[in-house]
file my_file26.txt (compact mmCIF, C-alpha atoms)
# COMPACT_ATOMS: atom_id res chain seq x y z
CA MET A 1 -4.64 92.17 -31.53
CA SER A 2 -2.72 93.01 -28.38
CA GLY A 3 0.10 95.53 -28.31
CA ARG A 4 2.63 92.90 -27.40
CA SER A 5 1.88 90.64 -30.36
CA CYS A 6 1.92 93.67 -32.66
CA CYS A 7 5.39 94.59 -31.40
CA ARG A 8 6.61 91.02 -31.87
CA ARG A 9 5.34 90.96 -35.43
CA GLY A 10 7.00 94.28 -36.13
CA ALA A 11 10.27 93.07 -34.66
CA ALA A 12 10.09 89.85 -36.67
CA PHE A 13 9.44 91.82 -39.85
CA ALA A 14 12.31 94.20 -39.08
CA GLY A 15 14.60 91.22 -38.49
CA TRP A 16 14.09 90.24 -42.13
CA ALA A 17 13.52 93.64 -43.75
CA VAL A 18 16.40 95.73 -42.40
CA PRO A 19 19.30 93.41 -43.33
CA GLY A 20 17.59 92.47 -46.58
CA ALA A 21 17.16 96.11 -47.57
CA THR A 22 20.75 96.84 -46.56
CA LEU A 23 22.02 94.11 -48.86
CA ALA A 24 19.73 95.19 -51.68
CA LEU A 25 20.62 98.88 -51.50
CA LEU A 26 24.33 98.57 -50.74
CA PRO A 27 26.43 99.58 -53.75
CA LYS A 28 29.12 97.26 -55.05
CA CYS A 29 31.59 100.02 -55.80
CA PRO A 30 33.72 101.20 -52.84
CA ALA A 31 33.85 104.70 -54.32
CA CYS A 32 30.06 104.85 -54.23
CA VAL A 33 30.09 103.75 -50.58
CA ALA A 34 32.60 106.51 -49.82
CA ALA A 35 30.39 109.03 -51.64
CA TYR A 36 27.29 107.89 -49.71
CA ILE A 37 29.15 108.25 -46.43
CA ALA A 38 30.33 111.71 -47.45
CA VAL A 39 26.81 112.83 -48.42
CA ALA A 40 25.16 111.34 -45.33
CA THR A 41 27.66 112.46 -42.70
CA GLY A 42 29.83 115.12 -44.30
CA LEU A 43 32.93 113.06 -43.58
CA GLY A 44 35.28 111.99 -46.33
CA VAL A 45 36.65 108.46 -46.12
CA SER A 46 39.25 106.72 -48.22
CA ILE A 47 38.41 103.99 -50.70
CA SER A 48 40.11 101.36 -48.53
CA THR A 49 38.02 102.41 -45.52
CA ALA A 50 34.88 102.30 -47.65
CA THR A 51 35.83 98.78 -48.74
CA TYR A 52 36.07 97.67 -45.10
CA VAL A 53 32.79 99.42 -44.24
CA ARG A 54 31.04 97.68 -47.14
CA ALA A 55 32.47 94.28 -46.19
CA SER A 56 31.41 94.81 -42.58
CA LEU A 57 27.87 95.74 -43.63
CA VAL A 58 27.61 92.69 -45.89
CA LEU A 59 28.95 90.36 -43.20
CA GLY A 60 26.69 91.83 -40.53
CA SER A 61 23.59 91.70 -42.73
CA VAL A 62 24.21 88.11 -43.81
CA SER A 63 24.89 87.09 -40.20
CA VAL A 64 21.61 88.62 -39.02
CA LEU A 65 19.67 86.98 -41.86
CA VAL A 66 21.20 83.57 -41.07
CA PHE A 67 20.44 84.00 -37.37
CA VAL A 68 16.82 84.97 -38.05
CA ALA A 69 16.40 82.09 -40.51
CA VAL A 70 17.83 79.54 -38.07
CA GLN A 71 15.73 80.90 -35.24
CA ARG A 72 12.62 80.72 -37.40
CA GLY A 73 13.49 77.19 -38.52
CA ILE A 74 13.99 76.00 -34.96
CA ARG A 75 10.66 77.47 -33.88
CA TRP A 76 8.92 75.97 -36.89
CA SER A 77 10.36 72.51 -36.40
CA THR A 78 10.00 72.16 -32.64
CA GLY A 79 7.17 74.46 -31.61
CA ARG A 80 7.14 77.38 -29.22
CA ARG A 81 9.66 75.95 -26.80
CA GLY A 82 12.09 75.16 -29.60
CA LEU A 83 15.13 77.03 -28.34
CA GLN A 84 14.91 75.37 -24.93
CA ARG A 85 14.61 71.93 -26.52
CA VAL A 86 17.50 72.53 -28.89
CA ALA A 87 19.64 73.88 -26.04
CA SER A 88 18.96 70.81 -23.92
CA CYS A 89 19.74 68.52 -26.87
CA LEU A 90 23.01 70.32 -27.46
CA GLN A 91 23.95 70.02 -23.79
CA VAL A 92 23.32 66.28 -23.91
CA ALA A 93 25.26 65.91 -27.17
CA PHE A 94 28.33 67.78 -25.90
CA ARG A 95 28.49 65.97 -22.55
CA ARG A 96 29.63 62.80 -24.27
call {"tool": "encode", "arguments": {"input": "my_file26.txt", "output": "structure tokens"}}
result
Amino acid sequence: MSGRSCCRRGAAFAGWAVPGATLALLPKCPACVAAYIAVATGLGVSISTATYVRASLVLGSVSVLVFVAVQRGIRWSTGRRGLQRVASCLQVAFRR
């Protein structure tokens, strides 16, 4: 296996694993998020800030998972040159 394909596989795995693990390990309670931030960084944050941090992490993780899933679906359905084909189809569709 070449180094380049190994790196691509690792990046593809990380694209699924990192946001998935973030969603799985993220606590639901904003006070717990604030406590985790305080333990990890030594900085105290308010509950309202922790709520925004949690919502941002959830939104970011879900966005990355959707992007990776769509990208994988496009490649699966149209082959290796899938993104180029989809882009050209979208250009044709929006010209009308």
call {"tool": "residues_around", "arguments": {"input": "my_file26.txt", "residues": "Pro30 of chain A", "least_positions_apart": "4", "cutoff": "8 Å", "atoms": "all atoms listed in the file", "output": "list in words"}}
result
Ala34, Ile47, Ser48, Ala50, Thr51 and Arg54 of chain A
call {"tool": "atom_distance", "arguments": {"input": "my_file26.txt", "atom1": "atom CA of Ala12 of chain A", "atom2": "atom CA of Gly60 of chain A"}}
result
17.2 Å
call {"tool": "axis_aligned_box", "arguments": {"input": "my_file26.txt", "around": "segment 47-58 of chain A", "padding_each_side": "8 Å", "output": "AutoDock Vina command-line options"}}
result
--center_x 33.9 --center_y 98.3 --center_z -46.6 --size_x 28.5 --size_y 27.3 --size_z 24.1
call {"tool": "atom_distance", "arguments": {"input": "my_file26.txt", "atom1": "atom CA of Val68 of chain A", "atom2": "atom CA of Gly15 of chain A"}}
result
6.6 Å
call {"tool": "atom_distance", "arguments": {"input": "my_file26.txt", "atom1": "atom CA of Gly42 of chain A", "atom2": "atom CA of Pro27 of chain A"}}
result
18.5 Å
call {"tool": "closest_residue", "arguments": {"input": "my_file26.txt", "among": "A:Val53, A:Ala21, A:Cys32, A:Val45", "to": "Leu65 of chain A", "atoms": "all atoms listed in the file"}}
result
A:Ala21
call {"tool": "build_atoms", "arguments": {"input": "my_file26.txt", "residues": "segment 14-47 of chain A", "atoms": "N, CA and C atoms", "output": "PDB file, in the frame of the given file"}}
result
ATOM      1  N   ALA A  14      11.081  93.404 -39.010  1.00  0.00           N
ATOM      2  CA  ALA A  14      12.310  94.200 -39.080  1.00  0.00           C
ATOM      3  C   ALA A  14      13.543  93.313 -39.116  1.00  0.00           C
ATOM      4  N   GLY A  15      13.474  92.162 -38.459  1.00  0.00           N
ATOM      5  CA  GLY A  15      14.600  91.220 -38.490  1.00  0.00           C
ATOM      6  C   GLY A  15      14.909  90.731 -39.885  1.00  0.00           C
ATOM      7  N   TRP A  16      13.891  90.640 -40.732  1.00  0.00           N
ATOM      8  CA  TRP A  16      14.090  90.240 -42.130  1.00  0.00           C
ATOM      9  C   TRP A  16      14.316  91.452 -43.024  1.00  0.00           C
ATOM     10  N   ALA A  17      13.553  92.523 -42.808  1.00  0.00           N
ATOM     11  CA  ALA A  17      13.520  93.640 -43.750  1.00  0.00           C
ATOM     12  C   ALA A  17      14.775  94.514 -43.694  1.00  0.00           C
ATOM     13  N   VAL A  18      15.266  94.804 -42.514  1.00  0.00           N
ATOM     14  CA  VAL A  18      16.400  95.730 -42.400  1.00  0.00           C
ATOM     15  C   VAL A  18      17.670  95.140 -43.022  1.00  0.00           C
ATOM     16  N   PRO A  19      18.094  93.933 -42.668  1.00  0.00           N
ATOM     17  CA  PRO A  19      19.300  93.410 -43.330  1.00  0.00           C
ATOM     18  C   PRO A  19      19.090  93.127 -44.814  1.00  0.00           C
ATOM     19  N   GLY A  20      17.870  92.718 -45.172  1.00  0.00           N
ATOM     20  CA  GLY A  20      17.590  92.470 -46.580  1.00  0.00           C
ATOM     21  C   GLY A  20      17.662  93.751 -47.403  1.00  0.00           C
ATOM     22  N   ALA A  21      17.103  94.828 -46.879  1.00  0.00           N
ATOM     23  CA  ALA A  21      17.160  96.110 -47.570  1.00  0.00           C
ATOM     24  C   ALA A  21      18.590  96.639 -47.623  1.00  0.00           C
ATOM     25  N   THR A  22      19.347  96.405 -46.563  1.00  0.00           N
ATOM     26  CA  THR A  22      20.750  96.840 -46.560  1.00  0.00           C
ATOM     27  C   THR A  22      21.522  96.137 -47.665  1.00  0.00           C
ATOM     28  N   LEU A  23      21.327  94.842 -47.798  1.00  0.00           N
ATOM     29  CA  LEU A  23      22.020  94.110 -48.860  1.00  0.00           C
ATOM     30  C   LEU A  23      21.548  94.536 -50.239  1.00  0.00           C
ATOM     31  N   ALA A  24      20.264  94.812 -50.381  1.00  0.00           N
ATOM     32  CA  ALA A  24      19.730  95.190 -51.680  1.00  0.00           C
ATOM     33  C   ALA A  24      20.184  96.577 -52.111  1.00  0.00           C
ATOM     34  N   LEU A  25      20.307  97.488 -51.165  1.00  0.00           N
ATOM     35  CA  LEU A  25      20.620  98.880 -51.500  1.00  0.00           C
ATOM     36  C   LEU A  25      22.106  99.220 -51.406  1.00  0.00           C
ATOM     37  N   LEU A  26      22.903  98.304 -50.903  1.00  0.00           N
ATOM     38  CA  LEU A  26      24.330  98.570 -50.740  1.00  0.00           C
ATOM     39  C   LEU A  26      25.038  98.528 -52.094  1.00  0.00           C
ATOM     40  N   PRO A  27      25.749  99.596 -52.451  1.00  0.00           N
ATOM     41  CA  PRO A  27      26.430  99.580 -53.750  1.00  0.00           C
ATOM     42  C   PRO A  27      27.638  98.652 -53.747  1.00  0.00           C
ATOM     43  N   LYS A  28      27.981  98.156 -54.919  1.00  0.00           N
ATOM     44  CA  LYS A  28      29.120  97.260 -55.050  1.00  0.00           C
ATOM     45  C   LYS A  28      30.441  98.016 -55.109  1.00  0.00           C
ATOM     46  N   CYS A  29      30.393  99.227 -55.589  1.00  0.00           N
ATOM     47  CA  CYS A  29      31.590 100.020 -55.800  1.00  0.00           C
ATOM     48  C   CYS A  29      32.020 100.716 -54.504  1.00  0.00           C
ATOM     49  N   PRO A  30      33.266 100.531 -54.053  1.00  0.00           N
ATOM     50  CA  PRO A  30      33.720 101.200 -52.840  1.00  0.00           C
ATOM     51  C   PRO A  30      33.704 102.730 -52.953  1.00  0.00           C
ATOM     52  N   ALA A  31      33.898 103.247 -54.153  1.00  0.00           N
ATOM     53  CA  ALA A  31      33.850 104.700 -54.320  1.00  0.00           C
ATOM     54  C   ALA A  31      32.438 105.222 -54.077  1.00  0.00           C
ATOM     55  N   CYS A  32      31.441 104.455 -54.479  1.00  0.00           N
ATOM     56  CA  CYS A  32      30.060 104.850 -54.230  1.00  0.00           C
ATOM     57  C   CYS A  32      29.747 104.809 -52.733  1.00  0.00           C
ATOM     58  N   VAL A  33      30.280 103.815 -52.028  1.00  0.00           N
ATOM     59  CA  VAL A  33      30.090 103.750 -50.580  1.00  0.00           C
ATOM     60  C   VAL A  33      30.730 104.971 -49.931  1.00  0.00           C
ATOM     61  N   ALA A  34      31.925 105.329 -50.366  1.00  0.00           N
ATOM     62  CA  ALA A  34      32.600 106.510 -49.820  1.00  0.00           C
ATOM     63  C   ALA A  34      31.787 107.768 -50.106  1.00  0.00           C
ATOM     64  N   ALA A  35      31.208 107.863 -51.299  1.00  0.00           N
ATOM     65  CA  ALA A  35      30.390 109.030 -51.640  1.00  0.00           C
ATOM     66  C   ALA A  35      29.127 109.070 -50.785  1.00  0.00           C
ATOM     67  N   TYR A  36      28.478 107.925 -50.561  1.00  0.00           N
ATOM     68  CA  TYR A  36      27.290 107.890 -49.710  1.00  0.00           C
ATOM     69  C   TYR A  36      27.612 108.312 -48.283  1.00  0.00           C
ATOM     70  N   ILE A  37      28.740 107.856 -47.774  1.00  0.00           N
ATOM     71  CA  ILE A  37      29.150 108.250 -46.430  1.00  0.00           C
ATOM     72  C   ILE A  37      29.407 109.748 -46.377  1.00  0.00           C
ATOM     73  N   ALA A  38      30.046 110.285 -47.412  1.00  0.00           N
ATOM     74  CA  ALA A  38      30.330 111.710 -47.450  1.00  0.00           C
ATOM     75  C   ALA A  38      29.044 112.533 -47.514  1.00  0.00           C
ATOM     76  N   VAL A  39      28.080 112.092 -48.306  1.00  0.00           N
ATOM     77  CA  VAL A  39      26.810 112.830 -48.420  1.00  0.00           C
ATOM     78  C   VAL A  39      26.016 112.729 -47.125  1.00  0.00           C
ATOM     79  N   ALA A  40      25.979 111.553 -46.526  1.00  0.00           N
ATOM     80  CA  ALA A  40      25.160 111.340 -45.330  1.00  0.00           C
ATOM     81  C   ALA A  40      25.739 112.000 -44.086  1.00  0.00           C
ATOM     82  N   THR A  41      27.060 111.977 -43.944  1.00  0.00           N
ATOM     83  CA  THR A  41      27.660 112.460 -42.700  1.00  0.00           C
ATOM     84  C   THR A  41      28.515 113.708 -42.869  1.00  0.00           C
ATOM     85  N   GLY A  42      28.932 113.996 -44.085  1.00  0.00           N
ATOM     86  CA  GLY A  42      29.830 115.120 -44.300  1.00  0.00           C
ATOM     87  C   GLY A  42      31.287 114.772 -44.071  1.00  0.00           C
ATOM     88  N   LEU A  43      31.558 113.515 -43.813  1.00  0.00           N
ATOM     89  CA  LEU A  43      32.930 113.060 -43.580  1.00  0.00           C
ATOM     90  C   LEU A  43      33.451 112.343 -44.821  1.00  0.00           C
ATOM     91  N   GLY A  44      34.659 112.692 -45.217  1.00  0.00           N
ATOM     92  CA  GLY A  44      35.280 111.990 -46.330  1.00  0.00           C
ATOM     93  C   GLY A  44      36.060 110.794 -45.826  1.00  0.00           C
ATOM     94  N   VAL A  45      35.902 109.660 -46.486  1.00  0.00           N
ATOM     95  CA  VAL A  45      36.650 108.460 -46.120  1.00  0.00           C
ATOM     96  C   VAL A  45      37.395 107.960 -47.349  1.00  0.00           C
ATOM     97  N   SER A  46      38.467 107.254 -47.107  1.00  0.00           N
ATOM     98  CA  SER A  46      39.250 106.720 -48.220  1.00  0.00           C
ATOM     99  C   SER A  46      38.536 105.513 -48.833  1.00  0.00           C
ATOM    100  N   ILE A  47      39.000 105.140 -50.004  1.00  0.00           N
ATOM    101  CA  ILE A  47      38.410 103.990 -50.700  1.00  0.00           C
ATOM    102  C   ILE A  47      38.654 102.705 -49.908  1.00  0.00           C
TER     103      ILE A  47
END
